[in-house]
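Structure file model_9.txt (compact mmCIF, C-alpha atoms and all ligand atoms) follows.
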```txt
# COMPACT_ATOMS: atom_id res chain seq x y z
CA MET A 171 -14.00 20.62 3.93
CA ILE A 172 -12.66 19.10 0.74
CA PRO A 173 -15.23 16.69 -0.66
CA THR A 174 -14.54 12.98 -0.89
CA ASN A 175 -13.20 12.40 -4.37
CA GLN A 176 -14.24 8.89 -5.04
CA ALA A 177 -16.25 6.21 -3.35
CA PRO A 178 -13.84 3.37 -2.63
CA ALA A 179 -16.65 0.94 -3.47
CA ALA A 180 -15.93 1.73 -7.09
CA ALA A 181 -12.58 0.11 -6.53
CA ALA A 182 -13.59 -3.34 -7.60
CA SER A 183 -10.30 -5.17 -7.64
CA ALA A 184 -6.76 -5.07 -6.32
CA ALA A 185 -5.44 -3.53 -9.50
CA ALA A 186 -7.66 -2.28 -12.27
CA ALA A 187 -7.41 -0.66 -15.64
CA GLY A 188 -7.96 3.07 -15.17
CA GLU A 189 -10.33 5.15 -17.28
CA ASP A 190 -7.83 5.67 -20.03
CA GLY A 191 -6.43 2.15 -19.86
CA ARG A 192 -3.50 2.70 -17.50
CA LEU A 193 -2.84 0.29 -14.67
CA VAL A 194 -4.36 1.21 -11.31
CA TYR A 195 -2.60 -0.29 -8.32
CA ARG A 196 -4.52 -0.13 -5.05
CA ILE A 197 -2.89 0.27 -1.67
CA GLY A 198 -4.72 0.27 1.65
CA MET A 199 -3.64 1.87 4.92
CA VAL A 200 -4.75 0.59 8.28
CA GLY A 201 -4.02 2.46 11.48
CA PRO A 202 -5.70 4.48 14.23
CA SER A 203 -6.10 8.23 14.43
CA ARG A 204 -2.88 10.29 14.46
CA VAL A 205 -0.66 7.33 13.71
CA GLY A 206 0.64 8.96 10.53
CA LYS A 207 -1.36 7.53 7.57
CA THR A 208 -1.81 10.80 5.69
CA SER A 209 1.79 11.82 6.36
CA LEU A 210 3.06 8.51 4.98
CA ILE A 211 1.10 8.99 1.75
CA THR A 212 2.40 12.53 1.30
CA ALA A 213 5.95 11.33 2.02
CA LEU A 214 5.61 8.71 -0.72
CA LEU A 215 4.88 11.39 -3.29
CA HIS A 216 7.51 13.76 -1.95
CA ASP A 217 10.23 11.15 -2.06
CA GLY A 218 8.95 9.37 -5.18
CA GLN A 219 9.66 12.55 -7.12
CA ARG A 220 13.24 12.53 -5.83
CA LEU A 221 13.68 8.84 -6.69
CA LEU A 222 12.71 9.45 -10.30
CA GLU A 223 14.86 12.55 -10.82
CA GLY A 224 16.90 12.28 -13.99
CA THR A 225 14.56 9.69 -15.55
CA PRO A 226 11.87 10.26 -18.22
CA ILE A 227 9.24 9.12 -15.69
CA SER A 228 7.79 11.41 -13.05
CA MET A 229 5.54 10.92 -10.06
CA LYS A 230 2.54 13.22 -10.01
CA ALA A 231 -0.58 13.87 -8.03
CA VAL A 232 -3.56 13.20 -10.31
CA GLY A 233 -6.56 15.52 -10.12
CA THR A 234 -7.30 18.71 -8.26
CA ALA A 235 -8.68 16.94 -5.18
CA THR A 236 -5.45 15.01 -4.56
CA GLN A 237 -3.35 18.08 -5.35
CA LYS A 238 -5.34 20.15 -2.84
CA ARG A 239 -4.94 17.57 -0.10
CA LEU A 240 -1.22 17.30 -0.67
CA SER A 241 -0.65 21.03 -0.71
CA GLN A 242 -2.78 21.50 2.41
CA HIS A 243 -0.68 18.88 4.21
CA ARG A 244 2.51 20.48 2.99
CA ARG A 245 1.47 23.95 4.14
CA GLU A 246 0.61 22.63 7.60
CA LEU A 247 3.88 20.72 7.87
CA ASP A 248 5.96 23.67 6.63
CA GLY A 249 4.21 25.86 9.23
CA SER A 250 5.03 23.39 12.01
CA LEU A 251 8.65 23.17 10.95
CA LEU A 252 8.94 26.97 10.86
CA ALA A 253 7.43 27.13 14.34
CA GLY A 254 10.28 24.88 15.46
CA GLU A 255 8.23 22.57 17.65
CA PHE A 256 5.08 20.50 17.31
CA ASP A 257 3.07 17.61 18.66
CA ALA A 258 0.69 15.07 17.16
CA GLY A 259 -2.13 17.63 17.10
CA ALA A 260 -0.08 20.03 14.98
CA LEU A 261 -1.52 18.72 11.72
CA GLY A 262 -5.29 18.52 11.38
CA GLY A 263 -6.52 14.91 11.23
CA SER A 264 -8.43 13.58 8.23
CA GLN A 265 -12.16 14.31 8.31
CA ASP A 266 -13.41 11.97 5.62
CA GLN A 267 -12.38 9.09 3.41
CA PHE A 268 -10.25 10.07 0.49
CA THR A 269 -8.45 8.20 -2.26
CA PHE A 270 -5.12 9.74 -3.21
CA HIS A 271 -4.21 9.25 -6.86
CA LEU A 272 -0.49 9.26 -7.62
CA LEU A 273 0.73 8.56 -11.12
CA LEU A 274 4.01 7.13 -12.33
CA ASP A 275 3.72 9.20 -15.44
CA THR A 276 5.28 8.52 -18.80
CA GLY A 277 3.73 11.64 -20.33
CA ILE A 278 1.79 9.44 -22.79
CA PRO A 279 -1.97 9.15 -22.19
CA GLY A 280 -3.12 5.61 -21.52
CA THR A 281 0.20 4.47 -20.13
CA GLY A 282 1.68 4.81 -16.66
CA ILE A 283 0.88 3.23 -13.34
CA GLU A 284 -1.57 4.90 -11.01
CA LEU A 285 -1.21 4.27 -7.28
CA GLN A 286 -4.49 4.71 -5.46
CA LEU A 287 -4.09 5.02 -1.71
CA LEU A 288 -7.12 4.98 0.52
CA ASP A 289 -6.96 7.33 3.48
CA TYR A 290 -9.64 7.83 6.14
CA PRO A 291 -9.90 9.20 9.67
CA GLY A 292 -8.26 6.58 11.87
CA GLY A 293 -11.05 7.02 14.42
CA TRP A 294 -13.33 5.07 12.07
CA LEU A 295 -11.35 1.90 12.68
CA ASP A 296 -12.66 1.41 16.20
CA PRO A 297 -16.45 1.12 16.69
CA HIS A 298 -16.05 3.01 19.99
CA THR A 299 -14.62 6.09 18.30
CA ARG A 300 -16.44 5.80 14.95
CA PRO A 301 -18.84 8.75 14.65
CA ALA A 302 -22.53 8.12 14.07
CA GLY A 303 -23.59 8.21 10.45
CA VAL A 304 -20.39 6.99 8.80
CA ASP A 305 -21.19 3.26 8.78
CA ALA A 306 -21.80 3.18 5.03
CA GLN A 307 -18.57 5.04 4.30
CA TRP A 308 -16.62 2.78 6.62
CA GLU A 309 -18.07 -0.28 4.87
CA GLU A 310 -16.83 1.11 1.56
CA CYS A 311 -13.39 1.58 3.11
CA GLU A 312 -13.48 -2.01 4.39
CA ARG A 313 -14.31 -3.25 0.91
CA PHE A 314 -11.43 -1.28 -0.58
CA LEU A 315 -9.08 -2.58 2.12
CA GLU A 316 -10.04 -6.20 1.45
CA GLN A 317 -9.43 -5.80 -2.25
CA CYS A 318 -6.00 -4.16 -2.12
CA SER A 319 -3.02 -6.27 -3.05
CA VAL A 320 -0.89 -4.19 -0.70
CA LEU A 321 -1.81 -3.41 2.89
CA VAL A 322 0.26 -0.85 4.79
CA VAL A 323 0.20 -0.80 8.59
CA PRO A 324 1.76 2.44 9.87
CA VAL A 325 3.01 2.00 13.44
CA ASP A 326 3.75 4.92 15.78
CA ALA A 327 7.35 4.16 16.76
CA ALA A 328 7.26 6.72 19.59
CA VAL A 329 4.38 4.91 21.33
CA LEU A 330 6.45 1.72 21.40
CA MET A 331 9.74 3.33 22.33
CA GLU A 332 8.44 5.75 24.97
CA ALA A 333 6.33 3.24 26.92
CA THR A 334 8.38 2.88 30.08
CA THR A 335 6.00 1.74 32.81
CA ALA A 336 3.52 -1.10 33.16
CA SER A 337 0.58 1.32 32.84
CA HIS A 338 2.03 2.70 29.57
CA LEU A 339 2.44 -0.81 28.22
CA ARG A 340 -1.13 -1.67 29.17
CA ALA A 341 -2.29 1.33 27.12
CA VAL A 342 -0.22 0.46 24.02
CA PRO A 343 -2.76 -1.84 22.27
CA THR A 344 -5.51 0.76 22.71
CA VAL A 345 -3.34 3.65 21.52
CA LEU A 346 -2.13 1.68 18.49
CA GLY A 347 -5.51 0.09 17.83
CA THR A 348 -3.86 -3.31 17.43
CA PRO A 349 -7.07 -5.36 17.89
CA GLN A 350 -8.81 -3.42 15.09
CA VAL A 351 -5.70 -3.51 12.89
CA THR A 352 -5.53 -7.28 13.42
CA ASP A 353 -9.17 -7.67 12.32
CA VAL A 354 -8.60 -5.72 9.11
CA VAL A 355 -5.43 -7.70 8.34
CA ARG A 356 -7.32 -10.96 8.97
CA SER A 357 -10.10 -10.07 6.49
CA TRP A 358 -7.51 -8.97 3.95
CA LEU A 359 -5.57 -12.23 4.31
CA LYS A 360 -8.71 -14.34 3.92
CA ARG A 361 -9.40 -12.59 0.62
CA ARG A 362 -5.80 -13.10 -0.51
CA ASN A 363 -6.13 -16.78 0.25
CA GLU A 364 -9.03 -16.94 -2.23
CA ARG A 365 -6.57 -15.78 -4.91
CA PRO A 366 -3.46 -17.67 -3.92
CA ASP A 367 -1.50 -16.95 -7.13
CA GLU A 368 -1.66 -13.19 -6.77
CA PRO A 369 1.41 -11.57 -5.24
CA ALA A 370 0.43 -9.97 -1.93
CA LEU A 371 2.36 -7.57 0.25
CA LEU A 372 1.89 -6.64 3.90
CA LEU A 373 4.01 -3.65 4.92
CA LEU A 374 4.61 -2.90 8.59
CA CYS A 375 5.85 0.68 8.57
CA PRO A 376 6.96 2.24 11.82
CA VAL A 377 6.72 6.03 11.38
CA LYS A 378 8.01 8.88 13.58
CA CYS A 379 11.31 6.99 13.69
CA GLU A 380 13.67 9.99 13.57
CA SER A 381 14.80 9.68 17.18
CA TYR A 382 15.55 5.96 16.99
CA PHE A 383 17.85 5.74 13.96
CA ASP A 384 21.20 7.42 13.42
CA ASP A 385 21.06 7.44 9.61
CA ASN A 386 19.00 10.60 9.08
CA GLY A 387 20.39 13.17 11.49
CA GLY A 388 19.59 11.26 14.70
CA ARG A 389 22.20 10.64 17.40
CA ARG A 390 21.12 7.26 18.74
CA ASP A 391 20.64 3.93 17.02
CA GLN A 392 17.82 2.10 18.76
CA SER A 393 16.66 0.34 15.64
CA ALA A 394 17.10 -3.16 17.10
CA THR A 395 14.87 -2.27 20.07
CA LEU A 396 12.22 -0.85 17.75
CA LEU A 397 12.22 -4.02 15.66
CA GLN A 398 11.86 -6.11 18.83
CA TRP A 399 8.90 -4.05 19.99
CA VAL A 400 7.14 -4.23 16.64
CA ARG A 401 7.69 -7.97 16.55
CA LYS A 402 6.25 -8.29 20.04
CA VAL A 403 3.28 -5.94 19.80
CA TYR A 404 2.33 -7.01 16.24
CA ARG A 405 3.09 -10.70 16.82
CA GLN A 406 -0.55 -11.63 16.29
CA VAL A 407 -0.64 -9.76 12.99
CA ILE A 408 2.56 -11.42 11.77
CA GLU A 409 1.37 -14.86 12.84
CA LEU A 410 -1.92 -14.39 11.02
CA VAL A 411 -0.11 -14.57 7.69
CA PRO A 412 0.70 -18.31 7.63
CA ASN A 413 -2.51 -19.13 9.48
CA GLU A 414 -5.00 -17.18 7.37
CA ALA A 415 -3.26 -17.21 3.99
CA PRO A 416 -1.38 -20.52 3.89
CA ASP A 417 -1.90 -20.89 0.13
CA VAL A 418 -0.49 -17.51 -0.89
CA ARG A 419 3.06 -18.51 -1.67
CA SER A 420 4.14 -15.12 -2.93
CA MET A 421 2.95 -13.28 0.19
CA ARG A 422 5.63 -10.93 1.54
CA VAL A 423 5.70 -9.35 4.97
CA VAL A 424 8.11 -6.43 4.95
CA TYR A 425 9.10 -4.25 7.91
CA ALA A 426 10.07 -0.84 6.55
CA PRO A 427 10.52 2.05 9.03
CA VAL A 428 9.92 5.54 7.64
CA ASP A 429 10.71 9.09 8.74
CA THR A 430 7.98 11.10 7.05
CA ILE A 431 9.45 14.36 8.39
CA GLY A 432 13.05 13.50 9.23
CA CYS A 433 14.30 16.78 10.69
CA VAL A 434 12.69 16.36 14.12
CA GLU A 435 13.64 14.91 17.45
CA ILE A 436 11.37 13.78 20.26
CA LEU A 437 11.63 16.15 23.25
CA ARG A 438 9.09 14.70 25.63
CA ALA A 439 6.44 12.02 25.73
CA ASP A 440 3.37 12.28 27.96
CA TRP A 441 0.94 9.54 28.87
CA LEU A 442 -2.14 11.44 29.96
CA PRO A 443 -5.15 10.01 31.80
CA GLU A 444 -8.34 9.92 29.71
CA PRO A 445 -10.93 12.01 31.57
CA ASP A 446 -13.87 9.81 30.48
CA GLU A 447 -12.28 6.41 30.91
CA PRO A 448 -10.71 5.58 34.27
CA GLY A 449 -7.35 3.83 33.86
CA ALA A 450 -7.05 4.66 30.16
CA LEU A 451 -4.13 6.75 28.87
CA THR A 452 -3.56 8.79 25.73
CA PHE A 453 -0.12 9.38 24.31
CA VAL A 454 1.24 12.78 23.29
CA ALA A 455 4.77 13.26 21.96
CA HIS A 456 6.39 16.68 21.65
CA TYR A 457 8.95 17.21 18.92
CA GLY A 458 11.64 19.80 18.36
CA VAL A 459 12.87 20.67 14.88
CA ARG A 460 16.49 19.94 14.04
CA PRO A 461 18.12 22.78 12.14
CA PRO A 462 17.93 23.70 9.33
CA GLY A 463 14.35 22.42 9.57
CA GLU A 464 14.11 20.93 6.10
CA ARG A 465 11.97 17.87 5.58
CA SER A 466 14.15 14.82 5.03
CA VAL A 467 11.99 11.80 4.21
CA LYS A 468 13.70 8.47 4.78
CA GLY A 469 12.49 4.93 4.15
CA THR A 470 9.90 5.48 1.42
CA GLU A 471 12.39 4.21 -1.15
CA ASP A 472 12.11 0.83 0.56
CA ILE A 473 8.34 0.98 0.13
CA MET A 474 8.74 1.80 -3.57
CA ILE A 475 11.20 -1.08 -3.98
CA ALA A 476 8.73 -3.49 -2.35
CA LEU A 477 5.86 -2.22 -4.56
CA CYS A 478 7.97 -2.54 -7.71
CA ARG A 479 9.00 -6.09 -6.76
CA GLN A 480 5.35 -6.99 -6.49
CA LEU A 481 4.55 -5.46 -9.88
CA VAL A 482 7.47 -7.25 -11.52
CA SER A 483 6.48 -10.57 -10.01
CA GLY A 484 2.85 -10.05 -11.18
CA ARG A 485 4.08 -9.23 -14.64
CA GLN A 486 6.29 -12.30 -14.81
CA LYS A 487 3.39 -14.51 -13.79
CA VAL A 488 1.14 -12.90 -16.41
CA GLU A 489 3.73 -13.45 -19.12
CA GLU A 490 4.26 -17.07 -18.10
CA ARG A 491 0.55 -17.79 -18.04
CA GLU A 492 -0.02 -15.99 -21.30
CA ALA A 493 2.69 -18.03 -22.97
CA GLY A 494 1.08 -21.21 -21.61
CA LEU A 495 -2.31 -20.21 -22.97
CA ARG A 496 -0.87 -19.26 -26.33
CA ARG A 497 0.34 -22.79 -26.76
CA GLU A 498 -3.19 -24.04 -26.12
CA GLN A 499 -5.32 -21.72 -28.19
CA ALA A 500 -5.19 -18.89 -30.62
CA ASP A 501 -7.43 -16.32 -29.00
CA THR A 502 -5.12 -15.92 -26.03
CA ALA A 503 -5.82 -12.33 -25.19
CA GLN A 504 -9.54 -12.55 -24.82
CA THR A 505 -9.44 -15.81 -22.90
CA PHE A 506 -6.90 -14.37 -20.53
CA ALA A 507 -8.94 -11.25 -19.87
CA GLU A 508 -12.12 -13.22 -19.34
CA ARG A 509 -10.62 -15.83 -17.07
CA ASP A 510 -8.90 -13.49 -14.67
CA GLU A 511 -10.45 -10.73 -12.68
CA GLY A 512 -8.34 -8.56 -10.47
CA PHE A 513 -4.65 -8.06 -10.19
CA PHE A 514 -3.48 -10.32 -13.02
CA ARG A 515 -6.00 -9.20 -15.59
CA ASN A 516 -5.06 -5.62 -14.95
CA ILE A 517 -1.35 -6.26 -15.09
CA TRP A 518 -2.17 -7.96 -18.35
CA TYR A 519 -3.79 -4.72 -19.57
CA LEU A 520 -0.53 -2.96 -18.81
CA VAL A 521 1.53 -5.55 -20.66
CA SER A 522 -0.78 -5.60 -23.66
CA GLY A 523 -0.94 -1.78 -23.71
CA GLU A 524 2.83 -1.67 -23.97
CA ARG A 525 2.76 -4.23 -26.76
CA ARG A 526 0.17 -2.20 -28.61
CA LEU A 527 2.43 0.86 -28.42
CA ARG A 528 5.37 -1.15 -29.72
CA ALA A 529 3.26 -2.54 -32.57
CA ASP A 530 2.04 0.99 -33.42
CA ALA A 531 5.64 2.18 -33.47
CA ALA A 532 6.69 -0.70 -35.71
CA ARG A 533 3.83 -0.05 -38.13
CA SER A 534 4.26 3.67 -38.29
CA SER A 535 7.41 5.65 -38.66
CA ARG A 536 5.73 8.59 -36.98
CA GLU A 537 7.82 10.17 -34.27
CA GLU A 538 5.01 10.21 -31.65
CA ALA A 539 4.35 6.47 -31.95
CA ILE A 540 8.03 5.70 -31.49
CA GLN A 541 8.28 8.07 -28.54
CA ALA A 542 5.23 6.53 -26.88
CA ALA A 543 6.72 3.04 -27.18
CA GLU A 544 10.01 4.30 -25.76
CA ARG A 545 8.29 5.93 -22.77
CA ALA A 546 6.36 2.74 -22.02
CA ARG A 547 9.62 0.81 -22.19
CA ALA A 548 11.29 3.36 -19.91
CA LEU A 549 8.56 2.87 -17.29
CA THR A 550 9.01 -0.91 -17.37
CA GLY A 551 12.77 -0.43 -17.12
CA ILE A 552 12.45 1.85 -14.09
CA VAL A 553 10.03 -0.45 -12.28
CA GLU A 554 12.42 -3.35 -12.94
CA SER A 555 15.50 -1.45 -11.85
CA LEU A 556 13.79 -0.26 -8.63
CA ALA A 557 12.70 -3.84 -7.96
CA ARG A 558 16.34 -4.96 -8.29
CA ARG A 559 17.63 -2.38 -5.81
CA ALA A 560 18.66 -3.69 -2.43
CA HIS A 561 16.57 -2.64 0.54
CA SER A 562 18.23 -0.35 3.08
CA ASP A 563 19.56 -1.68 6.39
CA ARG A 564 16.34 -0.53 8.07
CA VAL A 565 14.31 -3.24 6.36
CA HIS A 566 13.52 -6.64 7.75
CA GLN A 567 11.52 -9.37 6.00
CA TRP A 568 9.55 -12.07 7.70
N1 LIG A 601 7.93 13.16 14.18
C1 LIG A 601 7.12 12.65 13.27
N2 LIG A 601 5.84 13.03 13.27
C2 LIG A 601 5.04 12.49 12.35
C3 LIG A 601 5.50 11.53 11.40
N3 LIG A 601 4.46 11.16 10.65
C4 LIG A 601 3.40 11.83 11.11
N4 LIG A 601 3.75 12.64 12.14
C5 LIG A 601 2.88 13.54 12.89
O1 LIG A 601 1.84 12.79 13.49
C6 LIG A 601 0.62 13.54 13.45
C7 LIG A 601 -0.44 12.66 12.82
O2 LIG A 601 -0.11 12.40 11.45
P1 LIG A 601 -1.22 12.16 10.34
O3 LIG A 601 -0.50 11.76 9.12
O4 LIG A 601 -2.15 13.30 10.28
O5 LIG A 601 -1.96 10.91 11.00
P2 LIG A 601 -3.24 10.12 10.46
O6 LIG A 601 -2.99 8.67 10.74
O7 LIG A 601 -3.53 10.49 9.07
O8 LIG A 601 -4.36 10.65 11.46
P3 LIG A 601 -5.98 10.68 11.21
O9 LIG A 601 -6.19 11.43 9.96
O10 LIG A 601 -6.49 11.36 12.42
O11 LIG A 601 -6.39 9.24 11.13
C8 LIG A 601 0.91 14.80 12.67
O12 LIG A 601 1.06 15.89 13.54
C9 LIG A 601 2.20 14.50 11.94
O13 LIG A 601 2.97 15.64 11.75
C10 LIG A 601 6.89 11.18 11.43
O14 LIG A 601 7.40 10.34 10.67
N5 LIG A 601 7.63 11.80 12.38
MG MG A 602 -5.12 11.43 8.21
```

Will you turn the file into structure tokens for me?
Ligand SMILES: Nc1nc2c(ncn2[C@@H]2O[C@H](COP(=O)(O)OP(=O)(O)OP(=O)(O)O)[C@@H](O)[C@H]2O)c(=O)[nH]1
Ligand SMILES: [Mg+2]
Amino acid sequence: MIPTNQAPAAAASAAAAGEDGRLVYRIGMVGPSRVGKTSLITALLHDGQRLLEGTPISMKAVGTATQKRLSQHRRELDGSLLAGEFDAGALGGSQDQFTFHLLLDTGIPGTGIELQLLDYPGGWLDPHTRPAGVDAQWEECERFLEQCSVLVVPVDAAVLMEATTASHLRAVPTVLGTPQVTDVVRSWLKRRNERPDEPALLLLCPVKCESYFDDNGGRRDQSATLLQWVRKVYRQVIELVPNEAPDVRSMRVVYAPVDTIGCVEILRADWLPEPDEPGALTFVAHYGVRPPGERSVKGTEDIMIALCRQLVSGRQKVEEREAGLRREQADTAQTFAERDEGFFRNIWYLVSGERRLRADAARSSREEAIQAAERARALTGIVESLARRAHSDRVHQW
């Protein structure tokens, strides 16, 4: 087993300055076992690299632990695709909590934006399936989840779309863990409401969508039905937003369906009786691989666009507030850093780090200083240009 790389408890705020001063941007995932949390994280890296092709910025896995996890996932997925057929058990589930570290890398130490994504075995979400002895770890995960400025809810699209009888529909909330997901979202929203100025983002991400869209090799377009189901089954979650976080004006709820594999098609869906629980059903979907069997991630660009919009809006707020403070007193920087904990202060670190690089470049004619300032500017430019991109037709905003 690969050891847990970092206790999430160390993650004290929604965004924090990393060890070498770069911005750390924390993203939480909330979903039951086998829903597709780990796959969504790996798809973000896979596709993030493609998005940044031809730019001076790259997306990288930081640290051996993250690299190992990603390559293990990739090996398992490649094996399944070669085998031509797989089900939800094809990829081993997560065994422990793990924070993935992905870096939008400028190549200059102390710059860049690090995305930290907390992953954990989905079975921990429900007290009935949480193994004995992991309470302390789960509490750490809960703390991380409350502190994130972005919460991602992966939704198994196949469960919604393949529920055809009343008994299937009765099983849907249990299979998707919607009561537990709702509780986590509620706690997260309450915390956001304590910091109403901070931009917050709730992403509802249906995954395993390949068979329900016709824009990535699929034959049928059932996207409207999928949206209706998500709206219906996650109605409580969506309605929590105005109720629990009425003061957070910049809260966004974005529906962004993702194919984390892409080249597969659902062949059969089984609703199997649970041997230990009379009346309960588990869901198993069987997938076939569409030739040529190459992974074709779709929809993660929309997630990146939404994340970049949040960063840009945080940055704008920081700059406005900083300008306001500057008018009031001279020692702006220190006051700003002391007054704000969390997302804004750490965005401020990013902004001030960039300014420092520009000042260094202005003072010195040395090539490295100028290059560092240019790379920092390139990162800002890319985040801004991604934030300006239009979302795909898959996306819906509430
Ligand atoms: N067809 C299809 N299968 C997917 C997709 N995403 C995930 N899967 C499959 O669903 C299964 C579960 O995915 P994981 O990413 O391991 O799920 P998880 O939520 O991390 O599960 P736990 O670690 O047990 O909590 C795996 O066999 C994946 O290959 C997708 O977009 N399409
Ligand atoms: Mg997992």

* Return as a PyMOL selection string every polymer residue, whether protein, DNA or RNA, with at least one atom no more than 7 Å from an atom of ligand MG 602 (chain A); count only C-alpha atoms and all ligand atoms. => chain A and resi 204+206-208+263-264+289-292

Any chance you could work out the axis-aligned box around stretch 437-440 of chain A, listed atoms only, 5 Å on each side, giving centre and edge lengths in Å to one decimal, as lines of an AutoDock Vina configuration file?
```
center_x = 7.5
center_y = 14.1
center_z = 25.6
size_x = 18.3
size_y = 14.1
size_z = 14.7
```

* Asked: Can I get the residues close to ligand LIG 601 (chain A) as a ChimeraX atom specification, where close means within 8 Å and we count all atoms listed in the file?
  -> /A:201-210,247,256-265,289-293,324,377-380,428-432,434-436,457

* Structure fact -> Using only C-alpha atoms, the residue out of A:Thr334, A:Thr352, A:Gln267, A:Gln286 with shortest distance to A:Glu310 is A:Gln267

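Checking A:Ala253, A:Ala455, A:Val400, A:Leu272 one by one against A:Val194, counting only C-alpha atoms, you find the shortest gap at A:Leu272.
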
* For the atom pair atom CA of A:Gly551 and atom CA of A:Ile227, what is the interatomic distance in Å to one decimal place? -> 10.3 Å

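Here the question is which of A:Glu464, A:Ala529, A:Ala328, A:Thr299 gets nearest to A:Leu396 using all atoms listed in the file, and that residue is A:Ala328.
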
Considering only C-alpha atoms, return as a PDB file with C-alpha atoms, in the frame of the given file whatever protein or nucleic-acid residues lie within 12 Å of A:Pro412, sequence-local ones (same chain, fewer than 4 positions apart) excluded.
```
ATOM      1  CA  ARG A 356      -7.320 -10.960   8.970  1.00  0.00           C
ATOM      2  CA  LEU A 359      -5.570 -12.230   4.310  1.00  0.00           C
ATOM      3  CA  LYS A 360      -8.710 -14.340   3.920  1.00  0.00           C
ATOM      4  CA  ARG A 362      -5.800 -13.100  -0.510  1.00  0.00           C
ATOM      5  CA  ASN A 363      -6.130 -16.780   0.250  1.00  0.00           C
ATOM      6  CA  GLN A 406      -0.550 -11.630  16.290  1.00  0.00           C
ATOM      7  CA  VAL A 407      -0.640  -9.760  12.990  1.00  0.00           C
ATOM      8  CA  ILE A 408       2.560 -11.420  11.770  1.00  0.00           C
ATOM      9  CA  PRO A 416      -1.380 -20.520   3.890  1.00  0.00           C
ATOM     10  CA  ASP A 417      -1.900 -20.890   0.130  1.00  0.00           C
ATOM     11  CA  VAL A 418      -0.490 -17.510  -0.890  1.00  0.00           C
ATOM     12  CA  ARG A 419       3.060 -18.510  -1.670  1.00  0.00           C
ATOM     13  CA  SER A 420       4.140 -15.120  -2.930  1.00  0.00           C
ATOM     14  CA  MET A 421       2.950 -13.280   0.190  1.00  0.00           C
ATOM     15  CA  ARG A 422       5.630 -10.930   1.540  1.00  0.00           C
ATOM     16  CA  VAL A 423       5.700  -9.350   4.970  1.00  0.00           C
ATOM     17  CA  TRP A 568       9.550 -12.070   7.700  1.00  0.00           C
TER      18      TRP A 568
END
```

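Remark: for A:Gln237, the closest of the candidate residues A:Asp217, A:Phe270, A:Ile552, A:Leu222 is A:Phe270 (distances computed over only C-alpha atoms).
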
* To do: May I ask which of the residues A:Ala302, A:Asp446, A:Asn516, A:Phe453 is the closest one to A:Ser337, counting all atoms listed in the file?
  => A:Phe453

* Structure fact -> note - atom CA of A:Glu490 and atom CA of A:Ile283 are separated by 21.1 Å

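Counting from atom CA of A:Lys487, the distance to atom CA of A:Glu223 is 29.5 Å.
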
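Those residues positioned at most 9 Å from (4.2, 16.7, -3.8) are Thr212, Ala213, Leu214, Leu215, His216, Asp217, Gly218, Gln219, Met229, Lys230, Ala231, Gln237, Leu240, Ser241 and Arg244 of chain A, judged using all atoms listed in the file.
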
* Return the single residue from A:Arg491, A:Ala548, A:Gly458, A:Leu371 that is closest to A:Ser250, with distances computed using only C-alpha atoms. => A:Gly458

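Look at A:Ala543: the protein and nucleic acid residues within 8 Å of it, using only C-alpha atoms and passing over chain neighbours fewer than 2 places away, are Glu524, Leu527, Arg528, Ala531, Ala539, Ile540, Gln541, Arg545, Ala546 and Arg547 of chain A.
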
* **Ref. answer, residues at most 6 Å from (-5.2, 10.7, -3.1) with all atoms listed in the file, as a ChimeraX atom specification** => /A:236,269-271,287
